[in-house]
$ cat coords_6.tsv   # TSV, C-alpha atoms
chain	number	residue	atom	x	y	z
A	24	MET	CA	-23.78	19.78	57.70
A	25	SER	CA	-25.35	18.96	54.38
A	26	ASP	CA	-23.49	19.83	51.22
A	27	THR	CA	-26.71	19.90	49.23
A	28	MET	CA	-26.79	22.98	47.04
A	29	PRO	CA	-30.19	24.63	46.50
A	30	CYS	CA	-31.35	24.88	42.87
A	31	GLY	CA	-31.21	28.69	43.08
A	32	ASP	CA	-27.51	28.58	43.97
A	33	VAL	CA	-26.83	26.30	41.02
A	34	LEU	CA	-28.62	28.72	38.69
A	35	GLU	CA	-26.46	31.55	40.03
A	36	VAL	CA	-23.15	29.83	39.19
A	37	LEU	CA	-24.26	28.10	36.00
A	38	SER	CA	-22.26	30.33	33.64
A	39	ASP	CA	-19.10	29.83	35.70
A	40	TYR	CA	-19.79	26.08	35.70
A	41	VAL	CA	-20.14	25.96	31.91
A	42	ASP	CA	-17.06	28.17	31.49
A	43	GLY	CA	-14.99	25.97	33.81
A	44	THR	CA	-14.11	28.87	36.11
A	45	LEU	CA	-15.64	27.58	39.34
A	46	ASP	CA	-13.36	26.64	42.23
A	47	PRO	CA	-13.06	22.86	42.60
A	48	GLY	CA	-15.13	22.67	45.78
A	49	THR	CA	-18.11	24.52	44.34
A	50	ARG	CA	-17.83	22.61	41.08
A	51	ALA	CA	-17.99	19.34	42.97
A	52	ARG	CA	-21.11	20.48	44.82
A	53	VAL	CA	-22.78	21.47	41.55
A	54	ASP	CA	-21.87	18.05	40.09
A	55	VAL	CA	-23.52	16.35	43.06
A	56	HIS	CA	-26.65	18.49	42.69
A	57	LEU	CA	-26.93	17.82	38.95
A	58	LYS	CA	-26.77	14.04	39.55
A	59	SER	CA	-29.90	14.18	41.66
A	60	CYS	CA	-31.88	17.09	40.17
A	61	SER	CA	-33.21	16.40	36.69
A	62	HIS	CA	-34.62	19.93	36.31
A	63	CYS	CA	-31.25	21.58	36.87
A	64	GLN	CA	-29.47	18.89	34.87
A	65	ARG	CA	-31.71	19.40	31.84
A	66	PHE	CA	-31.64	23.18	32.04
A	67	GLY	CA	-27.87	23.18	32.56
A	68	ALA	CA	-27.36	20.97	29.50
A	69	SER	CA	-29.58	23.20	27.39
A	70	PHE	CA	-27.89	26.38	28.66
A	71	GLY	CA	-24.48	24.87	27.91
A	72	GLY	CA	-25.69	23.85	24.46
A	73	MET	CA	-26.80	27.43	23.78
A	74	ILE	CA	-23.36	28.78	24.76
A	75	GLN	CA	-21.65	26.19	22.55
A	76	ALA	CA	-23.86	27.22	19.62
A	77	LEU	CA	-22.88	30.88	20.20
A	78	ARG	CA	-19.20	29.99	20.29
A	79	ALA	CA	-19.52	27.96	17.09
A	80	THR	CA	-21.05	30.91	15.19
A	81	PRO	CA	-18.67	31.77	12.33
A	82	PRO	CA	-17.24	35.32	12.34
A	83	GLY	CA	-18.54	36.37	8.92
A	84	GLU	CA	-16.86	37.78	5.82
A	85	SER	CA	-14.66	40.82	6.49
A	86	ASP	CA	-12.23	41.33	3.58
A	87	ALA	CA	-14.34	44.08	1.99
A	88	LEU	CA	-14.82	45.79	5.35
A	89	ILE	CA	-11.05	45.77	5.99
A	90	ARG	CA	-10.40	47.27	2.53
A	91	ARG	CA	-12.94	50.04	3.16
A	92	LEU	CA	-11.48	50.82	6.60
A	93	LYS	CA	-7.95	51.09	5.23
A	94	GLN	CA	-9.15	53.35	2.43
A	95	TYR	CA	-11.16	55.52	4.80
A	96	VAL	CA	-8.19	56.10	7.12
A	97	ALA	CA	-5.86	56.74	4.17
A	98	ASP	CA	-8.29	59.25	2.56
A	99	ALA	CA	-8.95	61.07	5.82
A	100	ASP	CA	-5.25	61.42	6.44
A	101	ARG	CA	-4.54	63.20	3.15
B	7	MET	CA	6.69	49.23	17.16
B	8	ASN	CA	9.11	52.06	17.84
B	9	GLU	CA	9.36	54.44	20.75
B	10	ALA	CA	7.33	57.02	18.80
B	11	GLY	CA	4.31	54.66	18.71
B	12	LEU	CA	2.81	52.96	15.67
B	13	ASP	CA	3.79	53.81	12.15
B	14	ARG	CA	1.31	53.75	9.27
B	15	THR	CA	2.18	50.22	8.16
B	16	GLN	CA	1.80	48.88	11.68
B	17	PHE	CA	-1.53	50.66	12.02
B	18	GLU	CA	-2.79	49.14	8.77
B	19	GLN	CA	-1.88	45.75	10.15
B	20	LEU	CA	-4.02	46.51	13.19
B	21	ILE	CA	-6.95	47.25	10.86
B	22	VAL	CA	-6.43	43.84	9.23
B	23	GLU	CA	-6.16	42.06	12.57
B	24	HIS	CA	-8.87	43.83	14.53
B	25	GLY	CA	-11.20	45.61	12.11
B	26	ARG	CA	-13.65	42.72	12.05
B	27	ILE	CA	-14.06	42.35	15.80
B	28	CYS	CA	-14.42	46.11	16.23
B	29	PHE	CA	-17.17	46.11	13.60
B	30	ARG	CA	-18.87	43.23	15.33
B	31	VAL	CA	-18.92	45.07	18.66
B	32	ALA	CA	-20.13	48.28	16.99
B	33	ARG	CA	-22.84	46.22	15.28
B	34	ALA	CA	-23.85	44.68	18.60
B	35	LEU	CA	-24.27	48.14	20.10
B	36	SER	CA	-25.97	49.85	17.17
B	37	SER	CA	-28.09	47.08	15.56
B	38	ASP	CA	-27.42	48.59	12.14
B	39	ASP	CA	-24.70	47.65	9.63
B	40	THR	CA	-24.33	51.11	8.11
B	41	LEU	CA	-24.17	52.90	11.44
B	42	ALA	CA	-21.77	50.27	12.80
B	43	GLU	CA	-19.39	50.85	9.90
B	44	GLU	CA	-19.53	54.62	10.46
B	45	ILE	CA	-18.76	54.06	14.12
B	46	VAL	CA	-15.77	51.87	13.31
B	47	GLN	CA	-14.49	54.33	10.70
B	48	ASN	CA	-14.60	57.13	13.27
B	49	ALA	CA	-13.01	54.90	15.87
B	50	PHE	CA	-10.12	53.87	13.63
B	51	LEU	CA	-9.58	57.43	12.50
B	52	SER	CA	-9.41	58.54	16.15
B	53	ALA	CA	-7.04	55.70	16.89
B	54	PHE	CA	-4.88	56.54	13.85
B	55	ARG	CA	-4.55	60.14	14.96
B	56	ALA	CA	-3.69	58.99	18.47
B	57	ARG	CA	-1.33	56.24	17.34
B	58	ALA	CA	1.79	58.06	18.50
B	59	GLY	CA	0.54	57.64	22.04
B	60	PHE	CA	0.19	53.86	21.81
B	61	ARG	CA	3.44	52.21	22.84
B	62	GLY	CA	2.28	48.66	23.35
B	63	GLN	CA	1.01	49.05	26.88
B	64	GLY	CA	-1.85	46.56	27.11
B	65	SER	CA	-3.22	44.78	24.04
B	66	ALA	CA	-3.80	46.65	20.79
B	67	ARG	CA	-7.10	44.83	20.42
B	68	ALA	CA	-8.36	46.06	23.80
B	69	TRP	CA	-7.18	49.60	22.95
B	70	LEU	CA	-9.09	49.62	19.65
B	71	LEU	CA	-12.18	48.00	21.17
B	72	THR	CA	-12.25	50.62	23.93
B	73	ILE	CA	-12.09	53.42	21.34
B	74	THR	CA	-14.81	51.68	19.30
B	75	ARG	CA	-17.11	51.40	22.32
B	76	HIS	CA	-16.67	55.05	23.18
B	77	ALA	CA	-17.40	55.98	19.56
B	78	ALA	CA	-20.52	53.79	19.61
B	79	TYR	CA	-21.90	55.27	22.79
B	80	ARG	CA	-21.27	58.79	21.47
B	81	GLU	CA	-23.34	57.98	18.38
B	82	MET	CA	-26.26	56.37	20.12
B	83	ALA	CA	-28.68	57.64	22.72
B	84	ARG	CA	-28.05	55.98	26.10
B	85	GLN	CA	-30.44	53.09	26.60
B	86	GLN	CA	-32.91	53.68	29.36
B	87	GLN	CA	-32.16	51.94	32.64
B	88	ARG	CA	-34.73	49.27	33.14
B	89	PRO	CA	-35.56	47.48	36.36
B	90	THR	CA	-33.28	44.49	36.88
B	91	GLU	CA	-35.28	41.27	37.15
B	92	SER	CA	-34.22	38.72	39.74
B	93	LEU	CA	-32.01	35.88	38.62
B	94	GLY	CA	-34.73	33.39	39.55
B	95	GLU	CA	-37.27	35.23	37.42
B	96	LEU	CA	-34.85	35.30	34.50
B	97	GLY	CA	-34.14	31.61	34.98
B	98	VAL	CA	-37.80	30.65	34.99
B	99	ASN	CA	-38.44	32.67	31.83
B	100	ALA	CA	-35.43	30.93	30.24
B	101	GLY	CA	-36.94	27.53	30.98
B	102	TRP	CA	-35.33	26.64	34.32
B	103	GLY	CA	-37.68	24.24	36.08
B	104	SER	CA	-39.90	23.88	33.01
B	105	GLU	CA	-40.90	20.72	31.20
B	106	ASP	CA	-39.07	21.67	28.00
B	107	PRO	CA	-35.75	23.38	28.82
B	108	GLU	CA	-34.20	21.67	25.80
B	109	SER	CA	-36.06	24.05	23.47
B	110	VAL	CA	-33.39	26.70	24.15
B	111	ALA	CA	-30.47	24.58	22.90
B	112	ILE	CA	-32.51	23.27	19.99
B	113	ALA	CA	-33.44	26.80	18.89
B	114	ALA	CA	-29.82	27.98	19.30
B	115	GLU	CA	-28.72	25.39	16.72
B	116	ARG	CA	-30.73	27.26	14.06
B	117	LYS	CA	-28.69	30.23	12.81
B	118	GLN	CA	-31.75	32.33	11.98
B	119	ALA	CA	-33.34	31.69	15.37
B	120	LEU	CA	-30.11	32.62	17.14
B	121	GLU	CA	-29.70	35.82	15.12
B	122	GLN	CA	-33.31	36.77	15.76
B	123	ALA	CA	-32.94	36.15	19.50
B	124	LEU	CA	-29.72	38.22	19.60
B	125	SER	CA	-31.46	41.07	17.77
B	126	GLU	CA	-34.14	41.19	20.49
B	127	LEU	CA	-31.60	41.89	23.24
B	128	GLU	CA	-30.54	45.23	24.64
B	129	PRO	CA	-27.26	46.52	23.14
B	130	ALA	CA	-25.26	46.01	26.35
B	131	ASP	CA	-26.31	42.34	26.45
B	132	ARG	CA	-25.39	41.84	22.79
B	133	GLU	CA	-22.08	43.55	23.42
B	134	ILE	CA	-20.91	41.25	26.21
B	135	LEU	CA	-22.11	38.12	24.38
B	136	THR	CA	-20.20	39.31	21.30
B	137	LEU	CA	-17.01	39.85	23.29
B	138	ARG	CA	-17.09	36.69	25.45
B	139	ASP	CA	-18.99	34.08	23.47
B	140	LEU	CA	-18.92	35.09	19.80
B	141	GLU	CA	-15.36	36.48	19.77
B	142	GLN	CA	-14.19	34.50	22.84
B	143	LEU	CA	-12.12	37.22	24.42
B	144	GLY	CA	-10.69	36.22	27.78
B	145	GLY	CA	-12.20	37.45	31.02
B	146	SER	CA	-9.43	39.97	31.76
B	147	GLU	CA	-9.51	41.50	28.30
B	148	THR	CA	-13.30	41.73	28.39
B	149	CYS	CA	-13.06	43.53	31.74
B	150	GLU	CA	-10.46	45.89	30.26
B	151	VAL	CA	-12.63	46.70	27.24
B	152	LEU	CA	-15.81	47.21	29.29
B	153	GLY	CA	-14.02	49.08	32.08
B	154	ILE	CA	-15.58	46.89	34.79
B	155	GLY	CA	-14.30	44.41	37.34
B	156	LEU	CA	-14.37	40.63	37.05
B	157	THR	CA	-17.36	40.10	39.34
B	158	ALA	CA	-19.44	42.70	37.50
B	159	MET	CA	-18.42	41.23	34.15
B	160	LYS	CA	-19.40	37.70	35.17
B	161	SER	CA	-22.74	38.90	36.52
B	162	ARG	CA	-23.48	40.89	33.35
B	163	LEU	CA	-22.50	37.94	31.15
B	164	HIS	CA	-24.66	35.46	33.06
B	165	ARG	CA	-27.71	37.74	32.85
B	166	ALA	CA	-27.10	38.37	29.14
B	167	ARG	CA	-26.93	34.64	28.49
B	168	LEU	CA	-30.15	34.04	30.43
B	169	ARG	CA	-31.89	36.84	28.51
B	170	LEU	CA	-30.75	35.24	25.26
B	171	ALA	CA	-32.22	31.94	26.46
B	172	VAL	CA	-35.50	33.75	27.22
B	173	GLN	CA	-35.63	35.09	23.65
B	174	LEU	CA	-34.77	31.70	22.15
B	175	ARG	CA	-37.54	30.09	24.17
B	176	LYS	CA	-40.04	32.76	23.09
B	177	GLY	CA	-39.07	32.22	19.47
B	178	ALA	CA	-39.36	28.45	19.81
B	179	SER	CA	-42.86	28.67	21.23
B	180	ALA	CA	-44.10	31.27	18.74
$ encode --input "coords_6.tsv" --output "structure tokens"
Amino acid sequence: MSDTMPCGDVLEVLSDYVDGTLDPGTRARVDVHLKSCSHCQRFGASFGGMIQALRATPPGESDALIRRLKQYVADADR
Amino acid sequence: MNEAGLDRTQFEQLIVEHGRICFRVARALSSDDTLAEEIVQNAFLSAFRARAGFRGQGSARAWLLTITRHAAYREMARQQQRPTESLGELGVNAGWGSEDPESVAIAAERKQALEQALSELEPADREILTLRDLEQLGGSETCEVLGIGLTAMKSRLHRARLRLAVQLRKGASA
């Protein structure tokens, strides 16, 4: 029985693959597919790059927000 | 934390630790800074008044995020249910099988392009991307905040990521 994974199945598990949450057997099958399918390999790399860019987005300034929240709760509790 | 729940000082510390992420989730759901801050104010006030009932069961962050989400959905009209496109269709629109799939990652590297693409998404998609990818909450905590199971969470996340890729690709080709 062939272990070849169809491209559609790879697309379905791509987030889990990027997140490292696939079971070892499925991960190995995806690895095999990506070695021989340039379309899925290129898309997978780009998709992973997008997720990395999201994760690298800085959280943004929040000191003023925190001060306002504290003040709001304190004022409302008077 | 004592048996009577959180005291005022402890609650203020929660604001310091979790105010930013709660604002970010409220912002993801409301698409408006001013409304998001109102939502978070109401959420923290509700949480403050209910603080006696919090005795450390579960994470404080998940507790506050759950209250924030409920406050957000009370403030906004429910988004209309739209037909769910197939995963294959989403994939194709995101560049799967195309000649230039790299455009998605290239666009994502540009902060403005990424922000624009995020702003084009439905609130629920922005919400899960905020929790999992921007704030990097774990899977279990994300499930706890959203009130859904692991399989549903993973499916929602994958679709949200693909929809983001679709928007990035549209922006790159504009």
$ closest_atom_pairs --input "coords_6.tsv" --of "chain B" --to "chain A" --cutoff "7 Å" --atoms "all atoms listed in the file" --output "tab-separated table"
residue	atom	partner	partner_atom	distance
B:Glu18	CA	A:Lys93	CA	6.6
B:Ile21	CA	A:Ile89	CA	6.5
B:Val22	CA	A:Ile89	CA	6.0
B:Gly25	CA	A:Ile89	CA	6.1
B:Arg26	CA	A:Ser85	CA	6.0
B:Gln47	CA	A:Leu92	CA	6.2
B:Leu51	CA	A:Val96	CA	5.7
B:Gly94	CA	A:Gly31	CA	6.9
B:Gly101	CA	A:Phe66	CA	6.9
B:Trp102	CA	A:Phe66	CA	5.5
B:Gly103	CA	A:His62	CA	5.3
B:Pro107	CA	A:Phe66	CA	5.2
B:Glu108	CA	A:Ser69	CA	5.1
B:Val110	CA	A:Ser69	CA	6.1
B:Ala111	CA	A:Met73	CA	4.7
B:Ala114	CA	A:Met73	CA	5.4
B:Glu115	CA	A:Ala76	CA	5.9
B:Asp139	CA	A:Arg78	CA	5.2
B:Leu140	CA	A:Arg78	CA	5.1
B:His164	CA	A:Ser38	CA	5.7
$ residues_around --input "coords_6.tsv" --residues "region 134-136 of chain B" --least-positions-apart "3" --cutoff "8 Å" --atoms "all atoms listed in the file" --output "PyMOL selection string"
chain B and resi 30-31+34+130-131+139-142+148+162-163+166-167
$ atom_distance --input "coords_6.tsv" --atom1 "CA of Phe60 (chain B)" --atom2 "CA of Leu12 (chain B)"
6.7 Å
